[in-house]
Every structure is written in C-alpha cells, then in structure tokens.
Amino acid sequence: MSVRKNFPILKTKINGHDLVYFDNAATTQKPQAMIDALSEFYQKYNANVHRSLNPLADLATQKYEKTRQAVADFLSAQKNEIIFTRNTTEGINLVAKTFARSFLKSGDVVLLSVAEHHSNIVPWLQLKKEIGIELAYLPIDKNGYLDIEQFKIMLTDKVKFISIQAASNVLGSIHDYQTILKLAKAKNITTLLDAAQIVSHVGLDVKELACDFLVFSAHKMFGPTGVGVIYGRKELLQMMPAFLGGGDMIEQVLKDNFTTNAIPHKFEAGTPNIADVVAFQSSLEFLQNLTWENIQKEEKELTDYLWQEMQKLDFIDIYGKNLLNKHLPIISFNLKNAHAHDVAEILGEQGIIVRAGQHCTQVLHDTLGVSATVRASLAFYNTKKEIDILIKALKEIYQKFKV
Ligand SMILES: Cc1ncc(COP(=O)(O)O)c(C=O)c1O
C-alpha cells in the first residue's frame with residue numbers, strides 16, 4: 001500500500017535487515033504528519049492550556065480543544081463527553097475508582113471476560129478488595145470469541161457493571177460486543193467497552209452502540225504515546241466524583257472544601273499532555289483520509305493471507321480462529337520444541353518485530369493452557385512480502401530447534 005511512505009520508521013534497518021514491524025497490537029507506528037504536528041507545537045504554540053489569557057495560551061487551548069472535538073466527531077459523541085487520560089489503563093482505572101467505587105456495593109457483580117487485558121482485570125480486583133464486589137468471567141467459545149450464549153445465562157440481576165473488550169489483543173477475535181451492549185442496556189446495566197485493539201480497525205459510534213463508557217489509547221491508532229481517551233455518557237460523568245484533585249478540575253477551592261469544574265475538565269487535573277493531544281488530531285485526520293473501507297479491505301487481505309500461510313506450517317500451534325470476517329490482523333502461536341521468547345528473539349535479530357509472552361493476559365493464557373505465545377500483529381501498512389519473510393524465518397527456526 002502506498003501509504004507506507006508516510007511512516008518514516010518503516011525504512012529502518014535492523015542488523016542490515018529491512019524492518020518488518022509486526023507488533024502493532026502493542027503500539028502502532030506514526031505517520032510523518034503526526035510527527036510534524038508534535039514538533040510544530042513545541043516550535044510555534046507551546047503554552048499551558050485553560051489558564052492564561054494571552055494569545056499563545058489561547059492558541060494552545062484552541063488546538064487542544066480542537067482534538068477533543070475531533071475525537072467526539074470520530075465517536076459521534078458530544079465534546080464534553082470526551083476526557084483525555086494517559087492511556088486505556090488509566091481510563092479503566094478512572095471509571096472503576098470513581099463511578100464503580102461510588103455506585104456499586106458489596107455483593108454486586110462486575111462481569112468481565114477471561115480474555116481481558118490486565119488493565120481490565122486488576123482495577124476490578126482492587127475494587128473487590130476495597131468494597132467487596134464480586135467478579136464473574138465470561139468464557140470464550142472454541143474459536144476464541146466471547147461466548148454469547150453463556151453471556152445470556154450469566155446476565156443475572158446481581159450483575160451491575162459489565163466491562164469487556166471489543167476485540168482480543170491475543171486471539172484477534174472481534175467479539176459480538178454489539179449484542180452484549182444491547183442485552184446489558186435492556187437490563188439497565190452500566191457498561192464499559194475496552195476499545196484499545198478495535199479502535200484502529202473499525203469505526204465506532206457510541207450512540208449506536210449504546211455503551212456508557214468506552215476507552216482507548218492514541219498510541220494504538222497511529223497517534224502519540226501518553227494520550228488516552230474516555231468517552232463517558234454525559235449524565236454519568238456529571239454524577240460521578242472527580243478522580244485526581246488539583247488545578248483545572250476545580251471551580252472553587254476554600255480552606256475546608258472545594259467544588260468541581262464542569263465536565264470534562266472535572267476529570268483532567270493538572271497540566272495535561274498538551275503537545276501529544278494536539279498532535280493526535282493529525283492521526284485522526286490521517287485515518288479519516290484513508291477511510292475505513294480502504295483500511296478494512298487492505299487488512300482483510302493481509303489477515304487472510306497470514307492465516308493461510310501460517311496454517312501450512314505443520315510445526316505450529318495457532319490459538320483462535322479467523323472466522324466470519326471478524327478478525328483483526330493478529331495471530332498468536334507457538335512453534336513445537338521452541339519457547340516463544342526464543343522465537344521472538346531470533347526473529348528480532350532478523351528485523352522481524354513480534355511480541356512473545358503473555359501479552360498482559362495471564363488469565364487467557366491459563367485458559368488456553370499455555371505459559372506464553374508468540375504474537376504477530378499487522379497494520380494496513382504491512383505487506384504480503386513481509387508475511388513471506390516471517391514464514392521463511394519460522395521454517396528456519398523450526399529446523400534449528402527440531403530434535
Ligand atoms: C485490549 C487491551 N486493553 C487494554 C490495553 C492497555 O492499553 P495501554 O497500555 O495503552 O493502557 C491493551 C494494550 O495492549 C489492550 O490490548
């Protein structure tokens with residue numbers, strides 16, 4: 001895809017080999033337009049936001065708020081329903097430690113799934129310790145998708161909050177999150193959708209989805225690190241308490257009391273990550289110019305080719321299935337006789353960047369009965385030729401480890 005030329009890092013060489021970047025589920029690479037916007041901010045507009053009445057601060061504030069509007073448009077939300085955080089992890093923690101801590105009580109059930117990232121398990125385990133909520137884990141079916149039939153059974157009156165991923169960072173499965181959110185809404189259960197993996201592959205419309213909270217990280221969608229997003233339904237954001245206390249989140253501070261600012265500022269204490277938020281706007285523009293249609297066409301071809309070629313390797317165990325055109329360009333696997341870490345290290349020496357380990361999903365790995373996997377995760381700027389390079393390298397590694 002000619003879009004590759006927009007990503008300068010893709011020209012990098014590692015040990016004399018062309019970089020084959022297959023770790024997009026960990027973080028995506030950045031288009032030149034975003035890199036330029038970041039440096040332009042520091043060269044031309046650097047000032048603090050929402051504080052001073054001077055032309056430079058005005059400009060910085062306008063640019064910062066322009067990104068908020070762009071994110072709101074991207075999700076079909078209202079501008080004051082968008083909160084900037086550092087990442088998805090902080091977004092889930094904020095919701096657990098403000099909304100859930102205030103409105104859930106001992107014995108209430110929070111429904112997660114066995115496929116969740118640690119960032120969507122640990123905050124709930126912390127809350128369980130703190131206020132005595134109970135956790136229930138939705139299983140995956142034999143193909144690696146959240147089990148909807150089980151979900152219907154588990155949706156008892158004790159379930160008061162559902163926090164699930166839209167897609168798995170390990171199995172690549174795009175779950176039927178629409179049905180889960182719809183059934184939850186019918187029972188008036190509050191929901192959070194972890195969109196960290198899906199957000200760079202599928203358009204999301206929060207009005208259509210009817211979710212209460214949705215979180216993601218800019219760095220997984222061709223944006224800068226250090227910027228996360230929470231979409232929260234206005235009525236909920238208004239009723240939940242602030243997260244951190246400090247500047248910008250207050251209306252008044254008295255010696256023995258304070259009142260909070262309006263949303264979304266109530267949740268953005270202190271100087272935010274201004275430059276990265278500003279630069280993120282150009283990543284959104286970049287994605288929108290590409291169009292979902294083109295991105296999905298390119299990614300489907302890559303996903304199908306990757307699966308087809310991997311399945312020809314009889315010395316490999318693959319986790320999950322590429323079903324119903326509902327799959328991200330992600331595949332997790334193990335080579336017989338070789339540890340995942342060794343495989344990733346040897347591939348890395350040849351410039352092929354994959355991830356090995358548990359990918360922050362120990363519960364899922366326990367469920368799969370494996371201690372670690374190798375994960376290749378692609379984006380639209382990858383190519384079939386790069387997939388061929390991976391396949392050839394895996395064959396060579398297998399020969400080396402064969403007993
Ligand atoms: C499904 C999912 N949720 C949450 C996260 C956490 O994202 P971050 O590290 O940007 O907070 C990740 C990161 O890989 C993820 O894949």
# chains A, B, ... in the order shown; residues from 1 in each chain; ligands from 1

call {"tool": "closest_atom_pairs", "arguments": {"of": "chain A", "to": "ligand 1", "cutoff": "7 Å", "atoms": "only C-alpha atoms and all ligand atoms", "output": "CSV"}}
result
residue,atom,partner,partner_atom_place_in_ligand_line,distance
A:Ala25,CA,ligand 1,14 (O),6.1
A:Ala26,CA,ligand 1,14 (O),5.2
A:Asn87,CA,ligand 1,11 (O),4.3
A:Thr88,CA,ligand 1,11 (O),3.8
A:Thr89,CA,ligand 1,11 (O),3.7
A:Glu90,CA,ligand 1,11 (O),6.5
A:Glu116,CA,ligand 1,1 (C),6.4
A:His117,CA,ligand 1,3 (N),5.0
A:Ser119,CA,ligand 1,4 (C),5.6
A:Asn120,CA,ligand 1,4 (C),6.6
A:Gln165,CA,ligand 1,1 (C),5.8
A:Ala167,CA,ligand 1,1 (C),6.5
A:Ser168,CA,ligand 1,1 (C),5.7
A:Asn169,CA,ligand 1,16 (O),4.5
A:Asp194,CA,ligand 1,3 (N),5.8
A:Ala195,CA,ligand 1,1 (C),6.7
A:Ala196,CA,ligand 1,2 (C),4.8
A:Gln197,CA,ligand 1,16 (O),5.2
A:Ser217,CA,ligand 1,10 (O),4.9
A:His219,CA,ligand 1,10 (O),6.9

call {"tool": "write_last_selection", "arguments": {"atoms": "N, CA, C and O atoms", "output": "PDB file, in the first residue's frame"}}
result
ATOM      1  N   ALA A  25      -0.159  -4.460  17.691  1.00  0.00           N
ATOM      2  CA  ALA A  25      -1.118  -4.542  18.794  1.00  0.00           C
ATOM      3  C   ALA A  25      -0.506  -3.933  20.056  1.00  0.00           C
ATOM      4  O   ALA A  25      -1.222  -3.502  20.957  1.00  0.00           O
ATOM      5  N   ALA A  26       0.828  -3.895  20.125  1.00  0.00           N
ATOM      6  CA  ALA A  26       1.488  -3.262  21.273  1.00  0.00           C
ATOM      7  C   ALA A  26       1.475  -1.754  21.090  1.00  0.00           C
ATOM      8  O   ALA A  26       1.049  -1.007  21.971  1.00  0.00           O
ATOM      9  N   ASN A  87      -3.769   6.809  28.922  1.00  0.00           N
ATOM     10  CA  ASN A  87      -3.896   5.574  28.132  1.00  0.00           C
ATOM     11  C   ASN A  87      -5.196   4.841  28.518  1.00  0.00           C
ATOM     12  O   ASN A  87      -5.929   5.306  29.389  1.00  0.00           O
ATOM     13  N   THR A  88      -5.414   3.711  27.895  1.00  0.00           N
ATOM     14  CA  THR A  88      -6.596   2.883  28.195  1.00  0.00           C
ATOM     15  C   THR A  88      -6.606   2.478  29.665  1.00  0.00           C
ATOM     16  O   THR A  88      -7.652   2.495  30.327  1.00  0.00           O
ATOM     17  N   THR A  89      -5.437   2.091  30.148  1.00  0.00           N
ATOM     18  CA  THR A  89      -5.314   1.628  31.537  1.00  0.00           C
ATOM     19  C   THR A  89      -5.832   2.694  32.501  1.00  0.00           C
ATOM     20  O   THR A  89      -6.603   2.389  33.422  1.00  0.00           O
ATOM     21  N   GLU A  90      -5.410   3.929  32.293  1.00  0.00           N
ATOM     22  CA  GLU A  90      -5.863   4.995  33.180  1.00  0.00           C
ATOM     23  C   GLU A  90      -7.369   5.210  33.026  1.00  0.00           C
ATOM     24  O   GLU A  90      -8.074   5.494  34.007  1.00  0.00           O
ATOM     25  N   GLU A 116      -9.726 -10.686  28.958  1.00  0.00           N
ATOM     26  CA  GLU A 116      -9.376  -9.276  29.203  1.00  0.00           C
ATOM     27  C   GLU A 116      -7.877  -9.072  29.432  1.00  0.00           C
ATOM     28  O   GLU A 116      -7.178  -9.913  29.988  1.00  0.00           O
ATOM     29  N   HIS A 117      -7.439  -7.896  29.031  1.00  0.00           N
ATOM     30  CA  HIS A 117      -6.089  -7.401  29.322  1.00  0.00           C
ATOM     31  C   HIS A 117      -6.007  -7.131  30.824  1.00  0.00           C
ATOM     32  O   HIS A 117      -7.019  -6.826  31.456  1.00  0.00           O
ATOM     33  N   SER A 119      -5.231  -4.675  32.351  1.00  0.00           N
ATOM     34  CA  SER A 119      -5.750  -3.350  32.718  1.00  0.00           C
ATOM     35  C   SER A 119      -7.265  -3.359  32.883  1.00  0.00           C
ATOM     36  O   SER A 119      -7.828  -2.417  33.434  1.00  0.00           O
ATOM     37  N   ASN A 120      -7.919  -4.419  32.401  1.00  0.00           N
ATOM     38  CA  ASN A 120      -9.360  -4.539  32.624  1.00  0.00           C
ATOM     39  C   ASN A 120      -9.666  -5.676  33.607  1.00  0.00           C
ATOM     40  O   ASN A 120     -10.771  -6.205  33.628  1.00  0.00           O
ATOM     41  N   GLN A 165     -13.821  -6.276  26.526  1.00  0.00           N
ATOM     42  CA  GLN A 165     -13.080  -5.840  25.346  1.00  0.00           C
ATOM     43  C   GLN A 165     -13.937  -6.029  24.096  1.00  0.00           C
ATOM     44  O   GLN A 165     -14.781  -6.924  24.038  1.00  0.00           O
ATOM     45  N   ALA A 167     -12.299  -6.483  21.157  1.00  0.00           N
ATOM     46  CA  ALA A 167     -11.510  -7.444  20.378  1.00  0.00           C
ATOM     47  C   ALA A 167     -10.323  -7.878  21.223  1.00  0.00           C
ATOM     48  O   ALA A 167      -9.821  -7.109  22.044  1.00  0.00           O
ATOM     49  N   SER A 168      -9.853  -9.105  20.959  1.00  0.00           N
ATOM     50  CA  SER A 168      -8.764  -9.657  21.770  1.00  0.00           C
ATOM     51  C   SER A 168      -7.398  -9.280  21.212  1.00  0.00           C
ATOM     52  O   SER A 168      -7.146  -9.428  20.014  1.00  0.00           O
ATOM     53  N   ASN A 169      -6.517  -8.843  22.113  1.00  0.00           N
ATOM     54  CA  ASN A 169      -5.157  -8.480  21.706  1.00  0.00           C
ATOM     55  C   ASN A 169      -4.284  -9.711  21.470  1.00  0.00           C
ATOM     56  O   ASN A 169      -3.162  -9.584  20.999  1.00  0.00           O
ATOM     57  N   ASP A 194     -13.823  -1.803  26.267  1.00  0.00           N
ATOM     58  CA  ASP A 194     -12.381  -1.588  26.076  1.00  0.00           C
ATOM     59  C   ASP A 194     -12.118  -1.677  24.570  1.00  0.00           C
ATOM     60  O   ASP A 194     -12.084  -2.769  24.001  1.00  0.00           O
ATOM     61  N   ALA A 195     -11.939  -0.507  23.973  1.00  0.00           N
ATOM     62  CA  ALA A 195     -11.780  -0.444  22.509  1.00  0.00           C
ATOM     63  C   ALA A 195     -10.312  -0.334  22.096  1.00  0.00           C
ATOM     64  O   ALA A 195     -10.011   0.014  20.952  1.00  0.00           O
ATOM     65  N   ALA A 196      -9.399  -0.667  23.028  1.00  0.00           N
ATOM     66  CA  ALA A 196      -7.960  -0.458  22.758  1.00  0.00           C
ATOM     67  C   ALA A 196      -7.516  -1.112  21.456  1.00  0.00           C
ATOM     68  O   ALA A 196      -6.766  -0.519  20.691  1.00  0.00           O
ATOM     69  N   GLN A 197      -7.972  -2.331  21.193  1.00  0.00           N
ATOM     70  CA  GLN A 197      -7.500  -3.014  19.978  1.00  0.00           C
ATOM     71  C   GLN A 197      -8.358  -2.707  18.763  1.00  0.00           C
ATOM     72  O   GLN A 197      -7.857  -2.634  17.648  1.00  0.00           O
ATOM     73  N   SER A 217      -6.495   4.009  23.594  1.00  0.00           N
ATOM     74  CA  SER A 217      -5.213   4.726  23.656  1.00  0.00           C
ATOM     75  C   SER A 217      -4.858   5.258  22.270  1.00  0.00           C
ATOM     76  O   SER A 217      -4.966   4.513  21.284  1.00  0.00           O
ATOM     77  N   HIS A 219      -1.926   5.791  21.109  1.00  0.00           N
ATOM     78  CA  HIS A 219      -0.708   5.191  20.530  1.00  0.00           C
ATOM     79  C   HIS A 219      -0.977   3.909  19.755  1.00  0.00           C
ATOM     80  O   HIS A 219      -0.140   3.454  18.979  1.00  0.00           O
TER      81      HIS A 219
END

call {"tool": "select_by_dssp", "arguments": {"residues": "region 59-118 of chain A", "states": "strand (DSSP E)", "output": "list in words"}}
result
Ile82, Ile83, Phe84, Thr85, Val109, Val110, Leu111, Leu112 and Ser113 of chain A

call {"tool": "residues_around", "arguments": {"residues": "Leu328 (chain A)", "least_positions_apart": "5", "cutoff": "9 Å", "atoms": "only C-alpha atoms", "output": "ChimeraX atom specification"}}
result
/A:167-169,171-174,197-198,201,299-300,303,322,377-378

call {"tool": "write_last_selection", "arguments": {"atoms": "N, CA, C and O atoms", "output": "PDB file, in the first residue's frame"}}
result
ATOM      1  N   ALA A 167     -12.299  -6.483  21.157  1.00  0.00           N
ATOM      2  CA  ALA A 167     -11.510  -7.444  20.378  1.00  0.00           C
ATOM      3  C   ALA A 167     -10.323  -7.878  21.223  1.00  0.00           C
ATOM      4  O   ALA A 167      -9.821  -7.109  22.044  1.00  0.00           O
ATOM      5  N   SER A 168      -9.853  -9.105  20.959  1.00  0.00           N
ATOM      6  CA  SER A 168      -8.764  -9.657  21.770  1.00  0.00           C
ATOM      7  C   SER A 168      -7.398  -9.280  21.212  1.00  0.00           C
ATOM      8  O   SER A 168      -7.146  -9.428  20.014  1.00  0.00           O
ATOM      9  N   ASN A 169      -6.517  -8.843  22.113  1.00  0.00           N
ATOM     10  CA  ASN A 169      -5.157  -8.480  21.706  1.00  0.00           C
ATOM     11  C   ASN A 169      -4.284  -9.711  21.470  1.00  0.00           C
ATOM     12  O   ASN A 169      -3.162  -9.584  20.999  1.00  0.00           O
ATOM     13  N   LEU A 171      -5.939 -13.218  20.568  1.00  0.00           N
ATOM     14  CA  LEU A 171      -6.585 -14.104  19.605  1.00  0.00           C
ATOM     15  C   LEU A 171      -7.010 -13.362  18.344  1.00  0.00           C
ATOM     16  O   LEU A 171      -7.271 -13.978  17.309  1.00  0.00           O
ATOM     17  N   GLY A 172      -7.106 -12.040  18.445  1.00  0.00           N
ATOM     18  CA  GLY A 172      -7.501 -11.239  17.278  1.00  0.00           C
ATOM     19  C   GLY A 172      -8.993 -11.263  17.012  1.00  0.00           C
ATOM     20  O   GLY A 172      -9.482 -10.590  16.096  1.00  0.00           O
ATOM     21  N   SER A 173      -9.745 -12.036  17.795  1.00  0.00           N
ATOM     22  CA  SER A 173     -11.179 -12.149  17.550  1.00  0.00           C
ATOM     23  C   SER A 173     -11.894 -10.825  17.798  1.00  0.00           C
ATOM     24  O   SER A 173     -11.647 -10.176  18.809  1.00  0.00           O
ATOM     25  N   ILE A 174     -12.755 -10.445  16.864  1.00  0.00           N
ATOM     26  CA  ILE A 174     -13.627  -9.277  17.079  1.00  0.00           C
ATOM     27  C   ILE A 174     -14.929  -9.844  17.630  1.00  0.00           C
ATOM     28  O   ILE A 174     -15.659 -10.555  16.935  1.00  0.00           O
ATOM     29  N   GLN A 197      -7.972  -2.331  21.193  1.00  0.00           N
ATOM     30  CA  GLN A 197      -7.500  -3.014  19.978  1.00  0.00           C
ATOM     31  C   GLN A 197      -8.358  -2.707  18.763  1.00  0.00           C
ATOM     32  O   GLN A 197      -7.857  -2.634  17.648  1.00  0.00           O
ATOM     33  N   ILE A 198      -9.645  -2.474  18.979  1.00  0.00           N
ATOM     34  CA  ILE A 198     -10.510  -2.367  17.796  1.00  0.00           C
ATOM     35  C   ILE A 198     -10.449  -0.983  17.149  1.00  0.00           C
ATOM     36  O   ILE A 198     -10.714  -0.829  15.954  1.00  0.00           O
ATOM     37  N   HIS A 201      -9.230  -0.274  13.669  1.00  0.00           N
ATOM     38  CA  HIS A 201      -9.664  -1.179  12.597  1.00  0.00           C
ATOM     39  C   HIS A 201     -11.128  -1.002  12.179  1.00  0.00           C
ATOM     40  O   HIS A 201     -11.493  -1.350  11.074  1.00  0.00           O
ATOM     41  N   GLU A 299      -6.616  -4.744   5.255  1.00  0.00           N
ATOM     42  CA  GLU A 299      -6.349  -5.601   6.418  1.00  0.00           C
ATOM     43  C   GLU A 299      -6.945  -6.999   6.250  1.00  0.00           C
ATOM     44  O   GLU A 299      -6.374  -7.975   6.721  1.00  0.00           O
ATOM     45  N   LYS A 300      -8.082  -7.076   5.570  1.00  0.00           N
ATOM     46  CA  LYS A 300      -8.687  -8.401   5.367  1.00  0.00           C
ATOM     47  C   LYS A 300      -7.774  -9.257   4.491  1.00  0.00           C
ATOM     48  O   LYS A 300      -7.561 -10.441   4.753  1.00  0.00           O
ATOM     49  N   THR A 303      -4.873 -10.301   6.640  1.00  0.00           N
ATOM     50  CA  THR A 303      -5.289 -11.276   7.655  1.00  0.00           C
ATOM     51  C   THR A 303      -5.476 -12.651   7.022  1.00  0.00           C
ATOM     52  O   THR A 303      -4.948 -13.650   7.514  1.00  0.00           O
ATOM     53  N   ASN A 322      -9.796 -17.617  12.511  1.00  0.00           N
ATOM     54  CA  ASN A 322     -10.148 -16.457  11.695  1.00  0.00           C
ATOM     55  C   ASN A 322     -11.527 -16.711  11.101  1.00  0.00           C
ATOM     56  O   ASN A 322     -11.661 -17.276  10.032  1.00  0.00           O
ATOM     57  N   SER A 377       1.255  -9.120  14.941  1.00  0.00           N
ATOM     58  CA  SER A 377       0.088  -8.247  14.769  1.00  0.00           C
ATOM     59  C   SER A 377       0.407  -7.209  13.696  1.00  0.00           C
ATOM     60  O   SER A 377       1.400  -6.500  13.783  1.00  0.00           O
ATOM     61  N   LEU A 378      -0.463  -7.147  12.677  1.00  0.00           N
ATOM     62  CA  LEU A 378      -0.186  -6.331  11.498  1.00  0.00           C
ATOM     63  C   LEU A 378      -1.061  -5.083  11.449  1.00  0.00           C
ATOM     64  O   LEU A 378      -2.059  -4.982  12.173  1.00  0.00           O
TER      65      LEU A 378
END

call {"tool": "closest_atom_pairs", "arguments": {"of": "region 208-324 of chain A", "to": "region 129-149 of chain A", "cutoff": "8 Å", "atoms": "only C-alpha atoms", "output": "CSV"}}
result
residue,atom,partner,partner_atom,distance
A:Tyr319,CA,A:Gly144,CA,7.7
A:Gly320,CA,A:Gly144,CA,4.8
A:Lys321,CA,A:Asn143,CA,5.1
A:Leu323,CA,A:Asn143,CA,7.8

call {"tool": "write_last_selection", "arguments": {"atoms": "C-alpha atoms", "output": "mmCIF file, in the first residue's frame"}}
result
data_model
loop_
_atom_site.group_PDB
_atom_site.id
_atom_site.type_symbol
_atom_site.label_atom_id
_atom_site.label_comp_id
_atom_site.auth_asym_id
_atom_site.auth_seq_id
_atom_site.Cartn_x
_atom_site.Cartn_y
_atom_site.Cartn_z
ATOM 1 C CA TYR A 319 -4.653 -20.006 19.050
ATOM 2 C CA GLY A 320 -8.116 -18.894 17.945
ATOM 3 C CA LYS A 321 -9.774 -18.974 14.508
ATOM 4 C CA LEU A 323 -13.929 -16.644 11.454
#

call {"tool": "closest_residue", "arguments": {"among": "A:Thr85, A:Gln29, A:Thr190, A:Ser102", "to": "Ala269 (chain A)", "atoms": "only C-alpha atoms"}}
result
A:Thr85

call {"tool": "closest_residue", "arguments": {"among": "A:Phe213, A:Phe7, A:Phe103, A:Phe333", "to": "Tyr21 (chain A)", "atoms": "only C-alpha atoms"}}
result
A:Phe7

call {"tool": "residues_around", "arguments": {"residues": "Tyr305 (chain A)", "least_positions_apart": "2", "cutoff": "10 Å", "atoms": "only C-alpha atoms", "output": "PDB file with C-alpha atoms, in the first residue's frame"}}
result
ATOM      1  CA  GLU A 299      -6.349  -5.601   6.418  1.00  0.00           C
ATOM      2  CA  LYS A 300      -8.687  -8.401   5.367  1.00  0.00           C
ATOM      3  CA  GLU A 301      -6.320  -9.377   2.560  1.00  0.00           C
ATOM      4  CA  LEU A 302      -3.381  -9.362   4.960  1.00  0.00           C
ATOM      5  CA  THR A 303      -5.289 -11.276   7.655  1.00  0.00           C
ATOM      6  CA  TRP A 307      -3.739 -17.269   8.265  1.00  0.00           C
ATOM      7  CA  GLN A 308      -3.447 -19.173   5.020  1.00  0.00           C
ATOM      8  CA  GLU A 309       0.351 -19.216   5.139  1.00  0.00           C
ATOM      9  CA  MET A 310       0.577 -19.955   8.876  1.00  0.00           C
ATOM     10  CA  GLN A 311      -1.798 -22.876   8.562  1.00  0.00           C
ATOM     11  CA  PRO A 329      -4.729  -8.968  11.584  1.00  0.00           C
ATOM     12  CA  THR A 383       2.676  -6.276   3.101  1.00  0.00           C
ATOM     13  CA  LYS A 384       2.326  -9.859   1.903  1.00  0.00           C
ATOM     14  CA  ILE A 387       4.435 -12.126   5.736  1.00  0.00           C
ATOM     15  CA  ASP A 388       6.555 -14.294   3.392  1.00  0.00           C
TER      16      ASP A 388
END

call {"tool": "closest_residue", "arguments": {"among": "A:Ala242, A:Ile250, A:Val122, A:Val49", "to": "Leu94 (chain A)", "atoms": "only C-alpha atoms"}}
result
A:Ala242

call {"tool": "residues_around", "arguments": {"residues": "Lys30 (chain A)", "least_positions_apart": "5", "cutoff": "10 Å", "atoms": "only C-alpha atoms", "output": "list of chain:residue names"}}
result
A:Asn6, A:Phe7, A:Pro8, A:Ile9, A:Leu10, A:Ile35, A:His219, A:Lys220, A:Met221, A:Phe222, A:Gly223, A:Pro224, A:Ser283

call {"tool": "atom_distance", "arguments": {"atom1": "CA of Met34 (chain A)", "atom2": "CA of Pro264 (chain A)"}}
result
24.5 Å

call {"tool": "select_by_dssp", "arguments": {"residues": "region 101-282 of chain A", "states": "alpha helix (DSSP H)", "output": "NGL selection string"}}
result
:A and (101-103 or 122-131 or 148-154 or 177-186 or 206-209 or 234-239 or 274-282)

call {"tool": "closest_residue", "arguments": {"among": "A:Ile92, A:Leu347, A:Val114, A:Leu53", "to": "Leu364 (chain A)", "atoms": "only C-alpha atoms"}}
result
A:Val114

call {"tool": "closest_residue", "arguments": {"among": "A:Tyr42, A:Trp124, A:Phe161, A:Phe99", "to": "Phe267 (chain A)", "atoms": "only C-alpha atoms"}}
result
A:Phe99

call {"tool": "closest_residue", "arguments": {"among": "A:Ile14, A:Ala262, A:Val227, A:Ile83", "to": "Ala275 (chain A)", "atoms": "only C-alpha atoms"}}
result
A:Val227

call {"tool": "residues_around", "arguments": {"residues": "Asp58 (chain A)", "least_positions_apart": "4", "cutoff": "10 Å", "atoms": "only C-alpha atoms", "output": "JSON, numbers by chain"}}
result
{"A": [45, 47, 48, 49, 50, 51, 52, 53, 54, 62, 63, 64]}

call {"tool": "residues_around", "arguments": {"residues": "Val343 (chain A)", "least_positions_apart": "5", "cutoff": "9 Å", "atoms": "only C-alpha atoms", "output": "list in words"}}
result
Asn334, Leu335, Ala338, Gly348, Ala356, Val374, Leu394 and Ile397 of chain A

call {"tool": "write_last_selection", "arguments": {"atoms": "N, CA and C atoms", "output": "PDB file, in the first residue's frame"}}
result
ATOM      1  N   ASN A 334       2.541 -20.909  18.748  1.00  0.00           N
ATOM      2  CA  ASN A 334       3.775 -21.459  19.313  1.00  0.00           C
ATOM      3  C   ASN A 334       4.400 -22.420  18.331  1.00  0.00           C
ATOM      4  N   LEU A 335       5.704 -22.453  18.312  1.00  0.00           N
ATOM      5  CA  LEU A 335       6.445 -23.417  17.492  1.00  0.00           C
ATOM      6  C   LEU A 335       6.706 -24.633  18.354  1.00  0.00           C
ATOM      7  N   ALA A 338      10.117 -25.062  20.569  1.00  0.00           N
ATOM      8  CA  ALA A 338      10.846 -23.800  20.778  1.00  0.00           C
ATOM      9  C   ALA A 338      10.034 -22.909  21.707  1.00  0.00           C
ATOM     10  N   GLY A 348      13.649 -11.199  15.946  1.00  0.00           N
ATOM     11  CA  GLY A 348      14.082  -9.814  16.163  1.00  0.00           C
ATOM     12  C   GLY A 348      15.466  -9.540  15.595  1.00  0.00           C
ATOM     13  N   ALA A 356       6.487 -11.701  22.379  1.00  0.00           N
ATOM     14  CA  ALA A 356       6.341 -13.029  22.989  1.00  0.00           C
ATOM     15  C   ALA A 356       6.065 -12.868  24.467  1.00  0.00           C
ATOM     16  N   VAL A 374       3.745 -16.527  20.885  1.00  0.00           N
ATOM     17  CA  VAL A 374       4.349 -15.517  20.007  1.00  0.00           C
ATOM     18  C   VAL A 374       3.183 -14.835  19.310  1.00  0.00           C
ATOM     19  N   LEU A 394      10.350 -18.542  10.173  1.00  0.00           N
ATOM     20  CA  LEU A 394       9.807 -19.553  11.095  1.00  0.00           C
ATOM     21  C   LEU A 394      10.237 -20.955  10.678  1.00  0.00           C
ATOM     22  N   ILE A 397      13.781 -21.386  11.825  1.00  0.00           N
ATOM     23  CA  ILE A 397      13.875 -21.551  13.289  1.00  0.00           C
ATOM     24  C   ILE A 397      13.477 -22.990  13.657  1.00  0.00           C
TER      25      ILE A 397
END
